[in-house]
Amino acid sequence: MYPIDLLPSPLHLFNDALRILQSYQVSRRVSLDAHPTPADFDVNLQTNTGFFPPEPLPRLQEPFDVWEHALSQAQKVLKLGEDLLNDGSRISSEDELWRERIRSLPILTTEDLHHDHQLLRRAHKVLAFLVHFYVHSIPPDAITGPIIVPRSLIAPLMSVSHVLRIAPVLTFADTVLWNWELINPELPVTIENMRFGQELFSGTEDERNFYLGSAKAEMIGVEMLHIFNEYQNLPNTTDLSSVCRINKLLNRLTSIIQEIDANVQSVREIVDPHMFYWEVRPWFNGSASSASAPAWIYEGVNDTSTLDLSGPSAGQSSVMHAVDLFLDIDHKLQQRRYPAPSEGNKRADHGFMERMRRYMPGKHRDYLENIAESSRPIREVAQSTPAVREAYNSAVTALKKLRDAHMRIACLYVVSMSRSTKPPVGCPMFAMAERMERQAAKSGPVTGTGGNELSLLLKAGRDATHRAFLKN
């Protein structure tokens with residue numbers, strides 16, 4: 001036998017190479033399935049926009065531009081059904097004419113939008129704003145039972161909501177994540193180049209600035225998403241190099257949380273509490289938002305009571321949910337931690353955070369689930385690695401301080417306003433304040449825009465954060 005006979009034939013070489021290539025492709029596919037990237041969840045790290053889309057939403061074209069036109073008209077002619085600057089209910093022929101036109105709109109199918117998520121987002125935002133304009137522009141004296149929201153809005157809203165996997169009502173995504181345009185289209189998408197409040201209810205700068213304040217926190221939080229991604233891509237969490245890297249990531253996370261804290265507190269400089277409480281916040285209320293508020297019935301839907309219709313809330317911020325899940329904050333009181341929950345903590349709505357995720361776009365919710373299902377939870381790493389514990393505790397402490405600041409802001413903008421002293425007689429707010437007191441007497445405890453008992457909920461969230469702190 002000649003030595004050349006020991007070499008494999010060209011056919012064998014080809015088959016071996018093909019098997020190696022196929023094996024590589026399979027292993028690569030498994031690897032990708034096992035470790036999805038943020039981009040798979042519409043989380044835009046390459047553009048540094050995070051949960052914001054990388055571009056503004058385009059306007060809807062024919063035949064869907066009838067919704068755009070209706071929204072433009074609403075912003076020109078509609079006000080709250082109960083005009084808070086005058087005594088008594090305000091009945092306007094323009095308002096009723098607008099609602100009549102909404103009821104007579106053609107019922108459009110949305111299949112032509114399903115190929116483009118940007119158009120779907122725009123459709124959801126426009127339709128959700130129209131629903132809230134329709135409901136909250138009705139004078140209270142004209143409401144004798146549940147409010148029927150017409151099929152012309154509800155049929156397409158239910159359709160696009162199903163595709164986006166988001167609640168069929170106005171959400172944080174509609175008012176903040178999707179509610180902006182570029183100041184200079186030639187420049188990149190940065191917070192300085194974004195004009196928020198493309199759609200407004202009140203037409204006030206206070207409303208625009210309220211959205212801007214929330215957006216700044218989201219944009220600052222993009223750096224947190226980079227940290228979570230870097231952490232998940234570490235080769236391991238045990239060697240010295242990885243432990244040093246984890247500490248650096250946690251220290252960066254602490255700084256970012258502190259920056260969001262400062263942003264939350266700065267809202268007092270740009271949003272007037274009276275304007276927010278009386279002219280902006282009422283538009284956000286969803287179905288049966290208080291004991292005395294009417295329920296909504298979506299025309300053509302078998303059982304509207306099964307839908308999530310609370311309205312937008314800061315509790316729907318995907319960035320804040322992400323940091324909670326990364327640090328393993330136990331809002332549902334499922335784990336035994338110190339100190340034990342107070343009686344108030346036990347009475348709070350433990351399902352609030354999970355319920356708020358149903359108001360997020362479905363892919364963002366998937367991203368949060370991916371963080372929650374991490375094979376290397378950071379709190380467990382900190383528990384088993386003393387060198388990481390201090391950095392982890394610093395991040396938890398910063399988050400707890402942020403929630404303290406949020407409680408103070410909520411107290412100023414909601415709780416205090418609901419209990420505020422009457423303005424003097426002759427002030428245009430006088431009659432309005434009287435009606436608010438009567439309404440508060442019927443409505444029970446002050447609730448947040450998500451329909452929850454606010455003080456109890458915020459304290460429970462703050463205390464759950466504190467309980468994540470690890471003892472030495």
# chains A, B, ... in the order shown; residues from 1 in each chain; ligands from 1
call {"tool": "residues_around", "arguments": {"residues": "Leu153 in chain A", "least_positions_apart": "2", "cutoff": "8 Å", "atoms": "only C-alpha atoms", "output": "PDB file with N, CA, C and O atoms, in the first residue's frame"}}
result
ATOM      1  N   ILE A 102     -67.312  60.594  15.082  1.00  0.00           N
ATOM      2  CA  ILE A 102     -66.574  59.381  15.455  1.00  0.00           C
ATOM      3  C   ILE A 102     -67.473  58.164  15.321  1.00  0.00           C
ATOM      4  O   ILE A 102     -67.068  57.117  14.780  1.00  0.00           O
ATOM      5  N   ILE A 107     -65.822  51.446   9.687  1.00  0.00           N
ATOM      6  CA  ILE A 107     -65.073  50.461  10.473  1.00  0.00           C
ATOM      7  C   ILE A 107     -64.008  49.856   9.561  1.00  0.00           C
ATOM      8  O   ILE A 107     -64.309  49.068   8.675  1.00  0.00           O
ATOM      9  N   LEU A 127     -55.601  55.767  17.879  1.00  0.00           N
ATOM     10  CA  LEU A 127     -56.901  55.224  18.297  1.00  0.00           C
ATOM     11  C   LEU A 127     -57.088  55.318  19.814  1.00  0.00           C
ATOM     12  O   LEU A 127     -58.190  55.627  20.293  1.00  0.00           O
ATOM     13  N   LEU A 130     -57.912  58.790  20.747  1.00  0.00           N
ATOM     14  CA  LEU A 130     -59.294  59.063  20.351  1.00  0.00           C
ATOM     15  C   LEU A 130     -60.280  58.491  21.364  1.00  0.00           C
ATOM     16  O   LEU A 130     -61.286  59.134  21.695  1.00  0.00           O
ATOM     17  N   VAL A 131     -60.009  57.288  21.855  1.00  0.00           N
ATOM     18  CA  VAL A 131     -60.888  56.674  22.861  1.00  0.00           C
ATOM     19  C   VAL A 131     -60.959  57.553  24.108  1.00  0.00           C
ATOM     20  O   VAL A 131     -62.039  57.831  24.638  1.00  0.00           O
ATOM     21  N   VAL A 149     -68.183  52.915  24.013  1.00  0.00           N
ATOM     22  CA  VAL A 149     -67.188  53.447  23.078  1.00  0.00           C
ATOM     23  C   VAL A 149     -67.458  52.799  21.725  1.00  0.00           C
ATOM     24  O   VAL A 149     -67.516  51.581  21.617  1.00  0.00           O
ATOM     25  N   PRO A 150     -67.625  53.617  20.677  1.00  0.00           N
ATOM     26  CA  PRO A 150     -68.135  53.082  19.398  1.00  0.00           C
ATOM     27  C   PRO A 150     -67.193  52.109  18.699  1.00  0.00           C
ATOM     28  O   PRO A 150     -65.979  52.180  18.797  1.00  0.00           O
ATOM     29  N   ARG A 151     -67.837  51.215  17.954  1.00  0.00           N
ATOM     30  CA  ARG A 151     -67.141  50.163  17.218  1.00  0.00           C
ATOM     31  C   ARG A 151     -66.136  50.726  16.205  1.00  0.00           C
ATOM     32  O   ARG A 151     -65.123  50.095  15.908  1.00  0.00           O
ATOM     33  N   ALA A 155     -63.053  48.346  17.016  1.00  0.00           N
ATOM     34  CA  ALA A 155     -62.694  47.217  16.142  1.00  0.00           C
ATOM     35  C   ALA A 155     -61.239  47.324  15.672  1.00  0.00           C
ATOM     36  O   ALA A 155     -60.471  46.359  15.824  1.00  0.00           O
ATOM     37  N   PRO A 156     -60.801  48.467  15.124  1.00  0.00           N
ATOM     38  CA  PRO A 156     -59.382  48.543  14.727  1.00  0.00           C
ATOM     39  C   PRO A 156     -58.425  48.567  15.912  1.00  0.00           C
ATOM     40  O   PRO A 156     -57.312  48.023  15.824  1.00  0.00           O
ATOM     41  N   LEU A 157     -58.825  49.183  17.036  1.00  0.00           N
ATOM     42  CA  LEU A 157     -57.945  49.214  18.203  1.00  0.00           C
ATOM     43  C   LEU A 157     -57.712  47.803  18.735  1.00  0.00           C
ATOM     44  O   LEU A 157     -56.576  47.447  19.090  1.00  0.00           O
TER      45      LEU A 157
END
call {"tool": "residues_around", "arguments": {"residues": "Thr204 in chain A", "least_positions_apart": "6", "cutoff": "9 Å", "atoms": "only C-alpha atoms", "output": "MDAnalysis selection string"}}
result
chainID A and resid 275 279:280
call {"tool": "write_last_selection", "arguments": {"atoms": "all heavy atoms", "output": "PDB file, in the first residue's frame"}}
result
ATOM      1  N   MET A 275     -51.736  72.248  37.613  1.00  0.00           N
ATOM      2  CA  MET A 275     -52.057  72.023  36.200  1.00  0.00           C
ATOM      3  C   MET A 275     -52.098  70.532  35.893  1.00  0.00           C
ATOM      4  O   MET A 275     -53.000  70.048  35.201  1.00  0.00           O
ATOM      5  CB  MET A 275     -51.015  72.723  35.330  1.00  0.00           C
ATOM      6  CG  MET A 275     -51.345  72.715  33.849  1.00  0.00           C
ATOM      7  SD  MET A 275     -52.757  73.752  33.440  1.00  0.00           S
ATOM      8  CE  MET A 275     -52.013  75.382  33.655  1.00  0.00           C
ATOM      9  N   GLU A 279     -55.826  69.398  35.023  1.00  0.00           N
ATOM     10  CA  GLU A 279     -56.040  69.545  33.589  1.00  0.00           C
ATOM     11  C   GLU A 279     -55.415  68.431  32.757  1.00  0.00           C
ATOM     12  O   GLU A 279     -55.797  68.253  31.599  1.00  0.00           O
ATOM     13  CB  GLU A 279     -55.480  70.901  33.109  1.00  0.00           C
ATOM     14  CG  GLU A 279     -56.278  72.080  33.633  1.00  0.00           C
ATOM     15  CD  GLU A 279     -56.058  73.326  32.796  1.00  0.00           C
ATOM     16  OE1 GLU A 279     -55.827  73.205  31.578  1.00  0.00           O
ATOM     17  OE2 GLU A 279     -56.107  74.417  33.375  1.00  0.00           O
ATOM     18  N   VAL A 280     -54.470  67.713  33.309  1.00  0.00           N
ATOM     19  CA  VAL A 280     -53.796  66.657  32.546  1.00  0.00           C
ATOM     20  C   VAL A 280     -54.218  65.277  33.025  1.00  0.00           C
ATOM     21  O   VAL A 280     -54.697  64.437  32.239  1.00  0.00           O
ATOM     22  CB  VAL A 280     -52.259  66.798  32.637  1.00  0.00           C
ATOM     23  CG1 VAL A 280     -51.564  65.668  31.887  1.00  0.00           C
ATOM     24  CG2 VAL A 280     -51.808  68.153  32.092  1.00  0.00           C
TER      25      VAL A 280
END
call {"tool": "residues_around", "arguments": {"residues": "Ala128 in chain A", "least_positions_apart": "4", "cutoff": "9 Å", "atoms": "only C-alpha atoms", "output": "JSON list (two decimals) with C-alpha atoms, in the first residue's frame"}}
result
[["chain", "number", "residue", "atom", "x", "y", "z"],
["A", 123, "ALA", "CA", -52.45, 53.30, 14.80],
["A", 124, "HIS", "CA", -52.57, 52.18, 18.43],
["A", 132, "HIS", "CA", -59.81, 58.82, 25.81],
["A", 133, "PHE", "CA", -60.88, 62.03, 24.05],
["A", 153, "LEU", "CA", -62.66, 53.00, 17.19],
["A", 157, "LEU", "CA", -57.95, 49.21, 18.20],
["A", 168, "PRO", "CA", -56.39, 48.17, 24.00],
["A", 169, "VAL", "CA", -56.27, 51.48, 25.86],
["A", 170, "LEU", "CA", -53.93, 54.45, 26.25],
["A", 171, "THR", "CA", -50.62, 53.31, 27.72],
["A", 174, "ASP", "CA", -48.50, 55.75, 23.61]]
call {"tool": "atom_distance", "arguments": {"atom1": "CA of Leu470 in chain A", "atom2": "CA of Asp404 in chain A"}}
result
19.3 Å
call {"tool": "closest_residue", "arguments": {"among": "A:Asp463, A:Glu55, A:Asp65, A:Asp308", "to": "Met360 in chain A", "atoms": "only C-alpha atoms"}}
result
A:Asp308
call {"tool": "select_by_dssp", "arguments": {"residues": "range 66-212 of chain A", "states": "strand (DSSP E or B)", "output": "count of residues only"}}
result
9
call {"tool": "atom_distance", "arguments": {"atom1": "CA of Arg376 in chain A", "atom2": "CA of Tyr231 in chain A"}}
result
9.2 Å
call {"tool": "residues_around", "arguments": {"residues": "His114 in chain A", "least_positions_apart": "4", "cutoff": "9 Å", "atoms": "only C-alpha atoms", "output": "PyMOL selection string"}}
result
chain A and resi 110+119-120+160+163
call {"tool": "closest_residue", "arguments": {"among": "A:Lys216, A:Arg195, A:His35, A:Lys125", "to": "Thr175 in chain A", "atoms": "only C-alpha atoms"}}
result
A:Lys125
call {"tool": "atom_distance", "arguments": {"atom1": "CA of Leu97 in chain A", "atom2": "CA of Glu299 in chain A"}}
result
19.5 Å
call {"tool": "select_by_dssp", "arguments": {"residues": "range 69-171 of chain A", "states": "alpha helix (DSSP H)", "output": "JSON, numbers by chain"}}
result
{"A": [69, 70, 71, 72, 73, 74, 75, 76, 77, 93, 94, 95, 96, 97, 98, 99, 100, 101, 102, 103, 117, 118, 119, 120, 121, 122, 123, 124, 125, 126, 127, 128, 129, 130, 131, 132, 133, 134, 135, 136, 151, 152, 153, 154, 155, 156, 157, 158, 159, 160, 161, 162, 163, 164]}
call {"tool": "residues_around", "arguments": {"residues": "Ala74 in chain A", "least_positions_apart": "3", "cutoff": "8 Å", "atoms": "only C-alpha atoms", "output": "PyMOL selection string"}}
result
chain A and resi 70-71+77-78+98+130+133
call {"tool": "residues_around", "arguments": {"residues": "Gly315 in chain A", "least_positions_apart": "3", "cutoff": "10 Å", "atoms": "only C-alpha atoms", "output": "ChimeraX atom specification"}}
result
/A:172,312,318,320-321,352-357,359,448-450
call {"tool": "residues_around", "arguments": {"residues": "Glu218 in chain A", "least_positions_apart": "3", "cutoff": "9 Å", "atoms": "only C-alpha atoms", "output": "list in words"}}
result
Thr49, Gly50, Phe51, Phe52, Leu177, Gly213, Ser214, Ala215, Gly221, Val222, Ile260, Ser317, Ser318, Val319 and Met320 of chain A
call {"tool": "closest_residue", "arguments": {"among": "A:Asp272, A:Glu192, A:Glu207, A:Glu199", "to": "Trp180 in chain A", "atoms": "only C-alpha atoms"}}
result
A:Glu199
call {"tool": "closest_residue", "arguments": {"among": "A:Val267, A:Leu457, A:Leu113, A:Leu45", "to": "Pro63 in chain A", "atoms": "only C-alpha atoms"}}
result
A:Leu113
call {"tool": "closest_residue", "arguments": {"among": "A:Val271, A:Ala262, A:Ile154, A:Ala410", "to": "Ile297 in chain A", "atoms": "only C-alpha atoms"}}
result
A:Ile154
call {"tool": "closest_residue", "arguments": {"among": "A:Ser161, A:Asn209, A:Ser241, A:Ser374", "to": "Arg358 in chain A", "atoms": "only C-alpha atoms"}}
result
A:Ser161
